[in-house]
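Trainee: Got query15.csv for you, CSV, C-alpha atoms:
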```csv
chain,number,residue,atom,x,y,z
A,1,MET,CA,0.0,0.0,0.0
A,2,HIS,CA,1.3,3.5,-0.8
A,3,GLY,CA,2.7,5.3,2.2
A,4,GLN,CA,2.3,2.3,4.5
A,5,LYS,CA,5.0,0.0,5.6
A,6,ARG,CA,4.5,-3.8,5.0
A,7,ASP,CA,5.1,-4.6,8.7
A,8,GLU,CA,2.4,-2.1,9.8
A,9,TYR,CA,-0.1,-3.6,7.2
A,10,LYS,CA,0.6,-7.2,8.4
A,11,ALA,CA,0.3,-6.2,12.0
A,12,ARG,CA,-3.1,-4.7,11.4
A,13,LEU,CA,-4.3,-8.0,9.9
A,14,LYS,CA,-3.1,-9.9,13.0
A,15,ASP,CA,-5.6,-8.0,15.2
A,16,SER,CA,-8.4,-10.4,16.0
A,17,ALA,CA,-11.2,-7.8,15.7
A,18,THR,CA,-9.9,-6.6,12.3
A,19,ALA,CA,-9.5,-10.2,11.1
A,20,LYS,CA,-13.1,-10.9,12.0
A,21,LYS,CA,-14.4,-7.9,10.1
A,22,LEU,CA,-12.4,-8.7,7.0
A,23,ALA,CA,-13.6,-12.3,7.2
A,24,LEU,CA,-17.2,-11.2,7.4
A,25,LYS,CA,-16.7,-8.8,4.4
A,26,ALA,CA,-15.2,-11.7,2.4
A,27,GLN,CA,-18.2,-13.9,3.2
A,28,GLN,CA,-20.7,-11.2,2.1
A,29,TRP,CA,-18.7,-10.6,-1.0
A,30,ASN,CA,-18.7,-14.3,-1.9
A,31,ALA,CA,-22.4,-14.6,-1.2
A,32,LEU,CA,-23.2,-11.7,-3.5
A,33,SER,CA,-20.9,-12.9,-6.1
A,34,GLN,CA,-22.5,-16.4,-6.2
A,35,THR,CA,-26.0,-14.8,-6.4
A,36,LEU,CA,-24.9,-12.6,-9.3
A,37,LEU,CA,-23.2,-15.5,-11.1
A,38,LYS,CA,-26.4,-17.6,-10.9
A,39,ARG,CA,-28.4,-14.7,-12.4
A,40,GLN,CA,-25.9,-14.2,-15.1
A,41,HIS,CA,-26.1,-17.9,-16.1
A,42,LYS,CA,-29.9,-17.7,-16.0
A,43,THR,CA,-29.8,-14.7,-18.3
A,44,GLN,CA,-27.4,-16.3,-20.8
A,45,GLU,CA,-29.2,-19.6,-20.9
A,46,ALA,CA,-32.7,-18.1,-21.4
A,47,PRO,CA,-34.1,-18.6,-25.0
A,48,LYS,CA,-33.7,-15.6,-27.2
A,49,ASN,CA,-37.5,-15.3,-27.8
A,50,VAL,CA,-38.2,-15.0,-24.1
A,51,GLN,CA,-38.1,-11.4,-22.8
A,52,ALA,CA,-36.3,-10.8,-19.6
A,53,ASP,CA,-38.1,-9.4,-16.6
A,54,ALA,CA,-37.5,-5.7,-16.2
A,55,HIS,CA,-37.8,-5.9,-12.4
A,56,GLN,CA,-35.2,-8.7,-12.3
A,57,ILE,CA,-32.8,-6.7,-14.4
A,58,LEU,CA,-33.1,-3.7,-12.0
A,59,GLU,CA,-32.4,-6.0,-9.1
A,60,THR,CA,-29.3,-7.4,-10.8
A,61,LEU,CA,-28.1,-3.9,-11.6
A,62,HIS,CA,-28.4,-3.0,-8.0
A,63,LEU,CA,-26.5,-6.1,-7.1
A,64,THR,CA,-23.6,-5.1,-9.4
A,65,GLU,CA,-23.6,-1.7,-7.7
A,66,LYS,CA,-23.1,-3.3,-4.3
A,67,LEU,CA,-20.2,-5.4,-5.5
A,68,LEU,CA,-18.5,-2.6,-7.4
A,69,ALA,CA,-18.8,-0.2,-4.6
A,70,VAL,CA,-16.8,-2.6,-2.4
A,71,ASN,CA,-14.3,-3.7,-5.1
A,72,PRO,CA,-14.2,-1.8,-8.4
A,73,ASP,CA,-11.4,-3.8,-9.9
A,74,PRO,CA,-13.1,-6.9,-11.4
A,75,VAL,CA,-13.6,-6.0,-15.0
A,76,TYR,CA,-16.2,-8.8,-15.6
A,77,LEU,CA,-18.6,-7.0,-13.2
A,78,TRP,CA,-18.4,-3.8,-15.4
A,79,ASN,CA,-18.9,-5.9,-18.5
A,80,PHE,CA,-22.0,-7.6,-17.1
A,81,ARG,CA,-23.4,-4.3,-16.0
A,82,ARG,CA,-23.1,-2.9,-19.5
A,83,GLU,CA,-24.9,-6.0,-20.9
A,84,LEU,CA,-27.8,-5.3,-18.5
A,85,LEU,CA,-27.9,-1.6,-19.3
A,86,LEU,CA,-28.2,-2.4,-23.0
A,87,ASN,CA,-31.0,-4.9,-22.5
A,88,PRO,CA,-34.0,-3.6,-24.5
A,89,CYS,CA,-36.4,-4.7,-21.7
A,90,LEU,CA,-34.8,-2.2,-19.2
A,91,PRO,CA,-37.2,0.7,-18.6
A,92,THR,CA,-35.7,4.0,-19.7
A,93,THR,CA,-35.9,7.2,-17.7
A,94,ASP,CA,-34.6,10.3,-19.3
A,95,GLY,CA,-31.5,11.8,-17.6
A,96,SER,CA,-31.2,9.2,-14.9
A,97,PHE,CA,-28.8,6.9,-16.8
A,98,LEU,CA,-25.8,9.1,-16.9
A,99,GLU,CA,-26.3,10.4,-13.4
A,100,GLN,CA,-26.5,6.9,-12.1
A,101,GLU,CA,-23.4,5.7,-13.9
A,102,GLN,CA,-21.4,8.8,-13.0
A,103,LEU,CA,-22.3,8.3,-9.3
A,104,LEU,CA,-21.3,4.7,-9.4
A,105,THR,CA,-18.0,5.3,-11.1
A,106,GLN,CA,-17.3,8.2,-8.8
A,107,THR,CA,-17.9,5.9,-5.8
A,108,ALA,CA,-15.6,3.3,-7.4
A,109,LEU,CA,-12.8,5.8,-8.1
A,110,GLN,CA,-13.0,7.1,-4.5
A,111,ARG,CA,-12.3,3.5,-3.5
A,112,ASN,CA,-9.5,3.0,-6.1
A,113,PRO,CA,-8.6,6.1,-8.2
A,114,LYS,CA,-6.7,3.9,-10.6
A,115,ALA,CA,-9.4,1.2,-11.3
A,116,TYR,CA,-9.1,0.5,-15.0
A,117,GLY,CA,-12.7,-0.8,-15.3
A,118,ALA,CA,-14.2,2.2,-13.6
A,119,TRP,CA,-12.5,4.7,-15.9
A,120,PHE,CA,-13.4,2.6,-19.0
A,121,HIS,CA,-17.0,2.4,-17.9
A,122,ARG,CA,-17.2,6.2,-17.4
A,123,LYS,CA,-16.0,6.7,-21.0
A,124,TRP,CA,-18.6,4.2,-22.2
A,125,SER,CA,-21.3,5.9,-20.2
A,126,ILE,CA,-20.5,9.4,-21.6
A,127,ARG,CA,-20.5,8.1,-25.2
A,128,HIS,CA,-23.7,6.1,-24.7
A,129,HIS,CA,-25.4,9.1,-23.3
A,130,LEU,CA,-24.2,11.5,-26.0
A,131,GLN,CA,-25.1,9.1,-28.8
A,132,LYS,CA,-28.7,9.1,-27.5
A,133,SER,CA,-28.9,12.8,-27.4
A,134,THR,CA,-29.4,15.1,-30.4
A,135,ASP,CA,-26.4,16.7,-32.1
A,136,ASN,CA,-27.4,20.3,-31.0
A,137,ASP,CA,-28.4,19.3,-27.4
A,138,PRO,CA,-27.0,22.1,-25.2
A,139,ASP,CA,-26.8,19.5,-22.3
A,140,SER,CA,-24.0,17.7,-24.1
A,141,LYS,CA,-21.7,20.6,-23.9
A,142,SER,CA,-22.4,21.2,-20.2
A,143,VAL,CA,-21.8,17.4,-19.5
A,144,LEU,CA,-18.3,17.6,-21.2
A,145,GLN,CA,-17.4,20.8,-19.5
A,146,ALA,CA,-18.4,19.2,-16.1
A,147,GLU,CA,-16.2,16.2,-16.9
A,148,LEU,CA,-13.2,18.5,-17.6
A,149,GLY,CA,-13.9,20.2,-14.3
A,150,LEU,CA,-14.0,16.9,-12.5
A,151,CYS,CA,-10.6,15.9,-14.0
A,152,GLY,CA,-9.1,19.2,-12.7
A,153,GLU,CA,-10.4,18.4,-9.2
A,154,LEU,CA,-9.1,14.9,-9.3
A,155,LEU,CA,-5.7,16.0,-10.6
A,156,MET,CA,-5.4,18.3,-7.6
A,157,LEU,CA,-5.5,15.2,-5.4
A,158,ASP,CA,-3.1,13.2,-7.5
A,159,GLU,CA,-1.6,15.3,-10.3
A,160,ARG,CA,0.2,12.3,-11.9
A,161,ASN,CA,-2.8,9.9,-12.1
A,162,PHE,CA,-2.3,8.8,-15.8
A,163,HIS,CA,-5.8,7.3,-15.9
A,164,CYS,CA,-7.3,10.8,-15.2
A,165,TRP,CA,-5.0,12.4,-17.8
A,166,ASN,CA,-6.1,9.8,-20.3
A,167,TYR,CA,-9.7,10.4,-19.5
A,168,ARG,CA,-9.3,14.1,-19.9
A,169,ARG,CA,-7.8,13.5,-23.4
A,170,PHE,CA,-10.8,11.4,-24.2
A,171,ILE,CA,-13.2,14.2,-23.3
A,172,VAL,CA,-11.2,16.7,-25.3
A,173,GLY,CA,-11.3,14.3,-28.2
A,174,ILE,CA,-15.1,14.3,-28.1
A,175,MET,CA,-15.2,18.1,-27.9
A,176,LEU,CA,-12.9,18.4,-30.9
A,177,GLU,CA,-15.0,15.9,-32.9
A,178,LYS,CA,-18.1,18.0,-32.1
A,179,LEU,CA,-16.4,21.1,-33.4
A,180,MET,CA,-15.1,19.4,-36.5
A,181,THR,CA,-18.4,17.6,-37.5
A,182,ASP,CA,-20.7,20.5,-36.5
A,183,GLY,CA,-23.7,18.0,-36.6
A,184,GLN,CA,-23.2,17.3,-40.3
A,185,SER,CA,-22.2,13.6,-39.8
A,186,ALA,CA,-22.5,10.9,-37.2
A,187,MET,CA,-20.0,11.2,-34.4
A,188,VAL,CA,-17.9,8.2,-33.5
A,189,MET,CA,-16.8,9.5,-30.1
A,190,ASP,CA,-13.9,7.1,-29.6
A,191,GLY,CA,-11.6,9.7,-28.1
A,192,GLU,CA,-9.4,10.2,-31.1
A,193,TRP,CA,-8.3,13.7,-31.9
A,194,LYS,CA,-9.6,14.1,-35.4
A,195,LEU,CA,-8.1,17.2,-37.0
A,196,GLU,CA,-8.3,16.4,-40.7
A,197,GLY,CA,-8.3,19.5,-42.8
A,198,LEU,CA,-6.7,21.7,-40.1
A,199,LEU,CA,-3.1,20.4,-40.2
A,200,GLU,CA,-0.8,21.0,-43.1
A,201,ASP,CA,2.0,18.9,-41.8
A,202,LYS,CA,1.4,15.3,-40.7
A,203,CYS,CA,2.0,14.8,-37.0
A,204,ASP,CA,1.0,12.3,-34.3
A,205,VAL,CA,-2.2,13.0,-32.5
A,206,ILE,CA,-4.1,11.2,-29.8
A,207,GLY,CA,-5.5,7.9,-31.0
A,208,ALA,CA,-8.8,6.2,-30.3
A,209,GLN,CA,-9.5,4.9,-26.8
A,210,LEU,CA,-12.8,3.0,-27.5
A,211,THR,CA,-13.4,0.5,-30.2
A,212,THR,CA,-16.2,1.3,-32.7
A,213,LYS,CA,-18.2,-0.5,-35.3
A,214,SER,CA,-16.7,-0.1,-38.8
A,215,VAL,CA,-18.4,2.6,-40.8
A,216,ALA,CA,-17.9,3.8,-44.3
A,217,ASP,CA,-15.3,6.4,-44.8
A,218,GLU,CA,-16.7,9.9,-45.2
A,219,ASP,CA,-15.0,12.8,-47.0
A,220,VAL,CA,-14.0,15.4,-44.4
A,221,ALA,CA,-14.3,18.9,-45.7
A,222,LEU,CA,-11.7,21.4,-44.8
A,223,ALA,CA,-12.7,23.2,-41.6
A,224,ASN,CA,-13.4,26.9,-42.0
A,225,LYS,CA,-11.5,29.6,-40.1
A,226,ALA,CA,-14.1,29.9,-37.3
A,227,VAL,CA,-13.9,26.2,-36.5
A,228,ALA,CA,-10.1,26.3,-36.6
A,229,LEU,CA,-10.1,29.1,-34.1
A,230,GLU,CA,-12.4,27.2,-31.8
A,231,VAL,CA,-10.2,24.1,-32.0
A,232,TYR,CA,-7.1,26.3,-31.3
A,233,GLN,CA,-8.8,27.9,-28.3
A,234,LEU,CA,-9.8,24.5,-26.9
A,235,LEU,CA,-6.2,23.1,-27.3
A,236,LYS,CA,-4.8,26.3,-25.8
A,237,LEU,CA,-6.9,25.8,-22.7
A,238,GLU,CA,-5.4,22.3,-22.4
A,239,TRP,CA,-1.9,23.9,-22.9
A,240,ASP,CA,-2.5,26.4,-20.1
A,241,PHE,CA,-3.8,23.5,-17.9
A,242,THR,CA,-0.5,21.6,-18.4
A,243,THR,CA,1.4,24.8,-17.6
A,244,GLU,CA,-0.5,25.2,-14.3
A,245,LYS,CA,0.1,21.5,-13.3
A,246,ILE,CA,3.8,21.7,-14.2
A,247,GLU,CA,4.3,24.9,-12.2
A,248,GLN,CA,2.6,23.2,-9.2
A,249,ASN,CA,4.9,20.2,-9.5
A,250,PHE,CA,7.9,20.1,-11.9
A,251,SER,CA,8.0,16.2,-11.7
A,252,ASN,CA,4.6,15.8,-13.3
A,253,GLY,CA,5.6,13.6,-16.2
A,254,SER,CA,2.0,13.2,-17.3
A,255,ALA,CA,1.6,16.9,-17.8
A,256,PHE,CA,4.9,17.1,-19.7
A,257,HIS,CA,3.8,14.2,-21.9
A,258,CYS,CA,0.4,15.9,-22.7
A,259,ARG,CA,2.3,19.1,-23.5
A,260,SER,CA,4.5,17.2,-26.0
A,261,LYS,CA,1.4,16.1,-27.9
A,262,LEU,CA,-0.1,19.6,-27.8
A,263,LEU,CA,3.0,21.5,-29.0
A,264,PRO,CA,3.1,20.4,-32.7
A,265,LEU,CA,-0.7,20.9,-33.0
A,266,LEU,CA,-0.7,24.4,-31.5
A,267,LEU,CA,2.2,25.4,-33.7
A,268,GLN,CA,0.2,24.5,-36.9
A,269,LEU,CA,-3.1,26.0,-35.6
A,270,ASP,CA,-1.5,29.3,-34.4
A,271,THR,CA,-2.7,32.1,-36.7
A,272,GLY,CA,0.8,33.5,-36.8
A,273,SER,CA,2.4,30.1,-37.6
A,274,GLY,CA,5.9,30.4,-39.0
A,275,ASP,CA,9.5,30.4,-38.0
A,276,ASP,CA,9.1,33.3,-35.6
A,277,VAL,CA,6.2,31.5,-33.7
A,278,ARG,CA,8.2,28.3,-33.7
A,279,THR,CA,11.2,30.1,-32.1
A,280,GLU,CA,8.8,31.7,-29.5
A,281,TYR,CA,7.5,28.3,-28.5
A,282,PHE,CA,11.1,26.9,-28.4
A,283,GLN,CA,12.3,29.8,-26.2
A,284,GLY,CA,9.2,29.6,-23.9
A,285,GLU,CA,9.7,25.9,-23.3
A,286,LEU,CA,13.4,26.3,-22.6
A,287,GLU,CA,12.5,28.9,-20.0
A,288,LEU,CA,10.0,26.5,-18.4
A,289,ILE,CA,12.6,23.8,-18.3
A,290,ARG,CA,15.2,26.1,-16.8
A,291,ASN,CA,12.8,26.9,-14.0
A,292,ALA,CA,12.2,23.2,-13.4
A,293,VAL,CA,15.9,22.0,-13.5
A,294,PHE,CA,17.1,24.9,-11.3
A,295,THR,CA,14.4,24.1,-8.8
A,296,GLU,CA,14.8,20.3,-8.9
A,297,PRO,CA,18.1,19.4,-10.6
A,298,ASP,CA,18.0,15.8,-9.6
A,299,ASP,CA,14.5,15.1,-11.0
A,300,GLN,CA,14.7,13.4,-14.4
A,301,THR,CA,11.2,14.5,-15.7
A,302,SER,CA,12.2,18.0,-17.0
A,303,TRP,CA,15.5,16.7,-18.4
A,304,TRP,CA,13.7,14.2,-20.6
A,305,TYR,CA,11.4,16.9,-21.8
A,306,LEU,CA,14.5,19.0,-22.7
A,307,ARG,CA,15.6,16.2,-25.0
A,308,PHE,CA,12.2,16.2,-26.7
A,309,ILE,CA,12.2,20.0,-27.1
A,310,ILE,CA,15.7,20.1,-28.6
A,311,SER,CA,14.8,17.3,-31.0
A,312,TRP,CA,11.5,18.9,-31.9
A,313,ALA,CA,13.1,22.3,-32.6
A,314,ASN,CA,16.1,21.0,-34.6
A,315,PRO,CA,15.8,22.6,-38.1
A,316,ARG,CA,17.4,19.5,-39.6
A,317,ASN,CA,14.1,17.6,-39.0
A,318,LYS,CA,12.3,20.1,-41.3
A,319,ASP,CA,12.1,19.6,-45.0
A,320,ASP,CA,13.0,23.3,-45.7
A,321,CYS,CA,16.1,23.7,-43.5
A,322,LYS,CA,17.5,27.2,-43.9
A,323,THR,CA,21.0,28.4,-42.9
A,324,GLU,CA,19.7,31.2,-40.7
A,325,ASP,CA,17.5,28.7,-38.9
A,326,MET,CA,20.5,26.4,-38.2
A,327,GLU,CA,22.6,29.4,-36.9
A,328,LEU,CA,19.8,30.5,-34.6
A,329,PHE,CA,19.3,27.0,-33.3
A,330,GLN,CA,23.0,26.6,-32.6
A,331,SER,CA,23.1,30.0,-30.8
A,332,THR,CA,20.1,28.9,-28.7
A,333,LEU,CA,21.8,25.6,-27.9
A,334,TYR,CA,24.9,27.4,-26.8
A,335,GLU,CA,22.9,29.7,-24.4
A,336,GLU,CA,21.2,26.6,-23.0
A,337,TRP,CA,24.6,24.9,-22.6
A,338,MET,CA,25.9,27.9,-20.6
A,339,SER,CA,22.8,27.8,-18.4
A,340,ILE,CA,23.2,24.1,-17.6
A,341,HIS,CA,27.0,24.5,-17.1
A,342,GLU,CA,26.3,27.1,-14.5
A,343,LEU,CA,23.8,24.8,-12.8
A,344,VAL,CA,26.3,21.9,-12.7
A,345,GLU,CA,29.0,24.1,-11.3
A,346,GLY,CA,26.7,25.3,-8.6
A,347,GLU,CA,26.1,21.6,-7.7
A,348,GLY,CA,29.8,21.0,-7.4
A,349,GLY,CA,29.8,18.9,-10.6
A,350,LYS,CA,27.6,16.2,-8.8
A,351,CYS,CA,24.5,16.7,-10.9
A,352,LYS,CA,24.0,13.5,-13.0
A,353,TRP,CA,21.2,14.7,-15.1
A,354,GLY,CA,22.9,18.1,-15.7
A,355,LEU,CA,26.0,16.3,-17.0
A,356,LEU,CA,23.8,14.2,-19.3
A,357,GLY,CA,22.2,17.4,-20.5
A,358,LEU,CA,25.6,19.0,-21.2
A,359,HIS,CA,26.6,15.8,-23.1
A,360,MET,CA,23.5,15.9,-25.2
A,361,ILE,CA,24.0,19.5,-26.2
A,362,ALA,CA,27.7,19.0,-26.8
A,363,SER,CA,27.0,16.0,-29.1
A,364,GLU,CA,24.5,18.0,-31.0
A,365,MET,CA,27.0,20.9,-31.4
A,366,CYS,CA,29.4,18.4,-32.9
A,367,LYS,CA,26.9,17.4,-35.5
A,368,LEU,CA,26.3,21.1,-36.4
A,369,GLY,CA,30.0,21.6,-37.2
A,370,GLU,CA,31.7,25.0,-37.1
A,371,LYS,CA,28.8,27.2,-37.9
A,372,GLY,CA,28.4,30.1,-35.5
A,373,GLY,CA,32.2,30.2,-34.7
A,374,ARG,CA,31.9,30.0,-30.9
A,375,TYR,CA,33.8,26.7,-30.6
A,376,GLU,CA,35.3,24.4,-33.2
A,377,GLY,CA,33.8,21.0,-33.5
A,378,GLU,CA,36.9,19.3,-32.0
A,379,ASN,CA,36.4,21.3,-28.7
A,380,TRP,CA,32.8,20.1,-28.5
A,381,GLU,CA,33.9,16.5,-29.1
A,382,LYS,CA,36.4,16.8,-26.2
A,383,LEU,CA,33.7,18.4,-24.0
A,384,SER,CA,31.3,15.6,-24.8
A,385,LYS,CA,33.8,12.9,-23.8
A,386,SER,CA,34.8,14.8,-20.6
A,387,TYR,CA,31.2,14.7,-19.5
A,388,LEU,CA,31.0,11.0,-19.9
A,389,VAL,CA,34.2,10.6,-17.9
A,390,GLN,CA,32.6,12.6,-15.0
A,391,LEU,CA,29.5,10.5,-15.3
A,392,ARG,CA,31.4,7.2,-15.0
A,393,ASP,CA,32.8,8.4,-11.7
A,394,LEU,CA,29.5,9.9,-10.5
A,395,ASP,CA,27.3,7.0,-11.6
A,396,PRO,CA,29.4,3.8,-11.4
A,397,ASP,CA,26.4,1.5,-11.7
A,398,ARG,CA,26.0,2.6,-15.4
A,399,ARG,CA,29.8,2.8,-16.1
A,400,SER,CA,29.5,0.3,-19.0
A,401,ARG,CA,26.8,2.4,-20.6
A,402,TYR,CA,29.0,5.5,-20.6
A,403,ASP,CA,31.9,3.5,-22.0
A,404,THR,CA,29.7,2.5,-24.9
A,405,MET,CA,28.6,6.1,-25.4
A,406,MET,CA,32.3,7.1,-25.7
A,407,GLU,CA,33.0,4.6,-28.5
```
Represent the supplied structure as C-alpha cells.

Mentor:
Amino acid sequence: MHGQKRDEYKARLKDSATAKKLALKAQQWNALSQTLLKRQHKTQEAPKNVQADAHQILETLHLTEKLLAVNPDPVYLWNFRRELLLNPCLPTTDGSFLEQEQLLTQTALQRNPKAYGAWFHRKWSIRHHLQKSTDNDPDSKSVLQAELGLCGELLMLDERNFHCWNYRRFIVGIMLEKLMTDGQSAMVMDGEWKLEGLLEDKCDVIGAQLTTKSVADEDVALANKAVALEVYQLLKLEWDFTTEKIEQNFSNGSAFHCRSKLLPLLLQLDTGSGDDVRTEYFQGELELIRNAVFTEPDDQTSWWYLRFIISWANPRNKDDCKTEDMELFQSTLYEEWMSIHELVEGEGGKCKWGLLGLHMIASEMCKLGEKGGRYEGENWEKLSKSYLVQLRDLDPDRRSRYDTMME
C-alpha cells in the first residue's frame, strides 16, 4: 500500500477484531458474487425469444452496484453491468442513466482512483449518453465541461494519475469531434483527436480509446477559419492547464507528456504560424525547463522533456532547413549549454542529469559543425567525452553504458 510499511499492514491483519471484520466482508462478497453468477447464467441460458423481466434486471443492476462499490477492480462486473444496461427490456428514464453511472464510477474511483474498469465504464457511459442525445443538445456541452472540471479536481488530489489524464484527453477528443463535424455527420466519439483539414504537416495526434463499429469512410471537408479558431482555443486551454500543473509540480511527467502532444498541434493552428512563432515556443519551453531544473536538478522529468524539445526544434528535422535557422538553433543551444553549465558548477559537478544534458548539447553541437564560430567541432567533441568521464565516476552502476557512449 502507498505510504504504509508492510510490517504495519501485516500487524493490522493480525488483530483479531480486524480479522473478523475482514472475514465477514469476504463472506458477504462471496455470497453476493454467487448470487450474481447464478443470475448471469440464467440470463445467458434463457431462450432468445423469451423477454427478460425488467424488475429482475433492475435488481441485478443494484447487485452489481453493491459489488463494485466494495471492489471496483473486477472487469467482468463492469462488462456484465453494460450488458444489462443495453437490454431492451430495461425501462428508460430520461436523464437518470448518466447520473446513475457517474455516481457509481465516482464511488468506485474514490475506492480506487486507478481502477481500469471504472475509468473505461465512465468513458462508455459518456459516449452512450451523448449518442442518444441530439447533435445540438446544449446539455451535451455542459456534460463535457463538467467532466473536464472533475478531471481538474481529481488531478489536484493526484496530479500524476495517468488514468485521469487519459480520460481528460478522451473528453477533449469528443469536444474536438463535435467542433469538426458540427452536426453534419454521425459522431464516433472514440476519443481520437480528429483534426483532418486543419493540419498541413502530418504529426502524431491522440489515438482512439474505445473500439467502434466499422463505418464507411466519409469525406471530411476542410474546416473553416471559425472552427479552426475554436479548435485552437480548446487546445490552448489544455496547454494552459498543463502549464498550471507543471508549475505546481515540476516532476509531473503526465503533464509534460500531454504538453509534448499539444505543442506540434498548436504550432500549426496558431494564426501566426511560422519560423518566428516556432522560435517563440522553443524559447518559452526552454524557459519553463530552466525553472524546473534549477528548482529540482535531480528530477529526471524535465531533463527528458528537454531532450524532446531540442529534437522537436532541430531545423534538420524540417524539409526546408535554412542556414539562418541552423545558426539561430546553434546559438540557442549554446545559451542553454551555458545555463546548464552554471547549474552543474553550482552543484559541485555532482548533478548527473545536468551532465547528461551537457553531453546531449555537446553531441548536437558536434553534428552542427563549425557554424556560428563559438567553438570548433573538436572542442565540443572533447567536452562531450569529458562529461562521460565525469558520469562514469559519479554513476558507477552505469559505467558500461557511458563507456559504450564514448565509442

Trainee: Which of these residues is nearest to A:Glu159, using only C-alpha atoms: A:Leu144, A:Ile289, A:Ala313, A:Ala255?

Mentor: A:Ala255

Trainee: From the options A:Glu192, A:Leu67, A:Met406, A:Leu58, which residue's atoms come nearest to A:Ala31, counting all atoms listed in the file?

Mentor: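 Result for the nearest residue to A:Ala31: A:Leu67.
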
Trainee: With distances taken over all atoms listed in the file, which residue among A:Leu328, A:Ala228, A:Met156, A:Leu24 lies nearest A:Glu244?

Mentor: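 Closest candidate: A:Met156.
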
Trainee: So what do you get for atom CA of A:Gln110 versus atom CA of A:Leu154, distance-wise?

Mentor: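 The value is 10.0 Å.
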
Trainee: Which of these residues is nearest to A:Ile206, using only C-alpha atoms: A:Leu262, A:Leu355, A:Met326, A:Ile246?

Mentor: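 Counting only C-alpha atoms, the residue closest to A:Ile206 is A:Leu262.
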
Trainee: For the atom pair atom CA of A:Trp303 and atom CA of A:Leu383, what is the interatomic distance in Å to one decimal place?

Mentor: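 That distance, rounded to one decimal, is 19.1 Å.
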
Trainee: Of the candidates A:Gln27, A:Thr105, A:Gln209, A:Thr323, which one gets nearest to A:Phe170 if we count all atoms listed in the file?

Mentor: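 Selected residue with least distance to A:Phe170: A:Gln209.
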
Trainee: Residues within 12 Å of A:Glu345, please, as JSON, numbers by chain. Count only C-alpha atoms; anything in the same chain fewer than 4 positions from it doesn't count.

Mentor: {"A": [294, 297, 338, 339, 340, 341, 349, 350, 351, 352, 354, 355, 358]}

Trainee: Using the selection just defined, write its residues with C-alpha atoms as a PDB file, in the frame of the given file.

Mentor:
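Output file selection35.pdb is given in full below:
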```pdb
ATOM      1  CA  PHE A 294      17.100  24.900 -11.300  1.00  0.00           C
ATOM      2  CA  PRO A 297      18.100  19.400 -10.600  1.00  0.00           C
ATOM      3  CA  MET A 338      25.900  27.900 -20.600  1.00  0.00           C
ATOM      4  CA  SER A 339      22.800  27.800 -18.400  1.00  0.00           C
ATOM      5  CA  ILE A 340      23.200  24.100 -17.600  1.00  0.00           C
ATOM      6  CA  HIS A 341      27.000  24.500 -17.100  1.00  0.00           C
ATOM      7  CA  GLY A 349      29.800  18.900 -10.600  1.00  0.00           C
ATOM      8  CA  LYS A 350      27.600  16.200  -8.800  1.00  0.00           C
ATOM      9  CA  CYS A 351      24.500  16.700 -10.900  1.00  0.00           C
ATOM     10  CA  LYS A 352      24.000  13.500 -13.000  1.00  0.00           C
ATOM     11  CA  GLY A 354      22.900  18.100 -15.700  1.00  0.00           C
ATOM     12  CA  LEU A 355      26.000  16.300 -17.000  1.00  0.00           C
ATOM     13  CA  LEU A 358      25.600  19.000 -21.200  1.00  0.00           C
TER      14      LEU A 358
END
```

Trainee: Could you check the closest approach to A:Trp337 for each of A:Trp312, A:Tyr116, A:Tyr305, A:Trp380 and tell me which residue wins, using all atoms listed in the file?

Mentor: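 Between A:Trp312, A:Tyr116, A:Tyr305, A:Trp380, the residue approaching A:Trp337 most closely is A:Trp380.
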
Trainee: Would you mind reading off the distance between atom CA of A:Ala146 and atom CA of A:Leu98, one decimal, in Å?

Mentor: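 So the two atoms, atom CA of A:Ala146 and atom CA of A:Leu98, lie 12.5 Å apart.
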
Trainee: Quick one: residues within 8 Å of A:Gln268, only C-alpha atoms counted, chain neighbours fewer than 3 positions away excluded, as a short mmCIF file (atom, residue, chain, number, x, y, z; two decimals) with C-alpha atoms, in the coordinates of the input?

Mentor:
```
data_model
loop_
_atom_site.label_atom_id
_atom_site.label_comp_id
_atom_site.auth_asym_id
_atom_site.auth_seq_id
_atom_site.Cartn_x
_atom_site.Cartn_y
_atom_site.Cartn_z
CA LEU A 199 -3.10 20.40 -40.20
CA GLU A 200 -0.80 21.00 -43.10
CA ASP A 201 2.00 18.90 -41.80
CA PRO A 264 3.10 20.40 -32.70
CA LEU A 265 -0.70 20.90 -33.00
CA SER A 273 2.40 30.10 -37.60
#
```
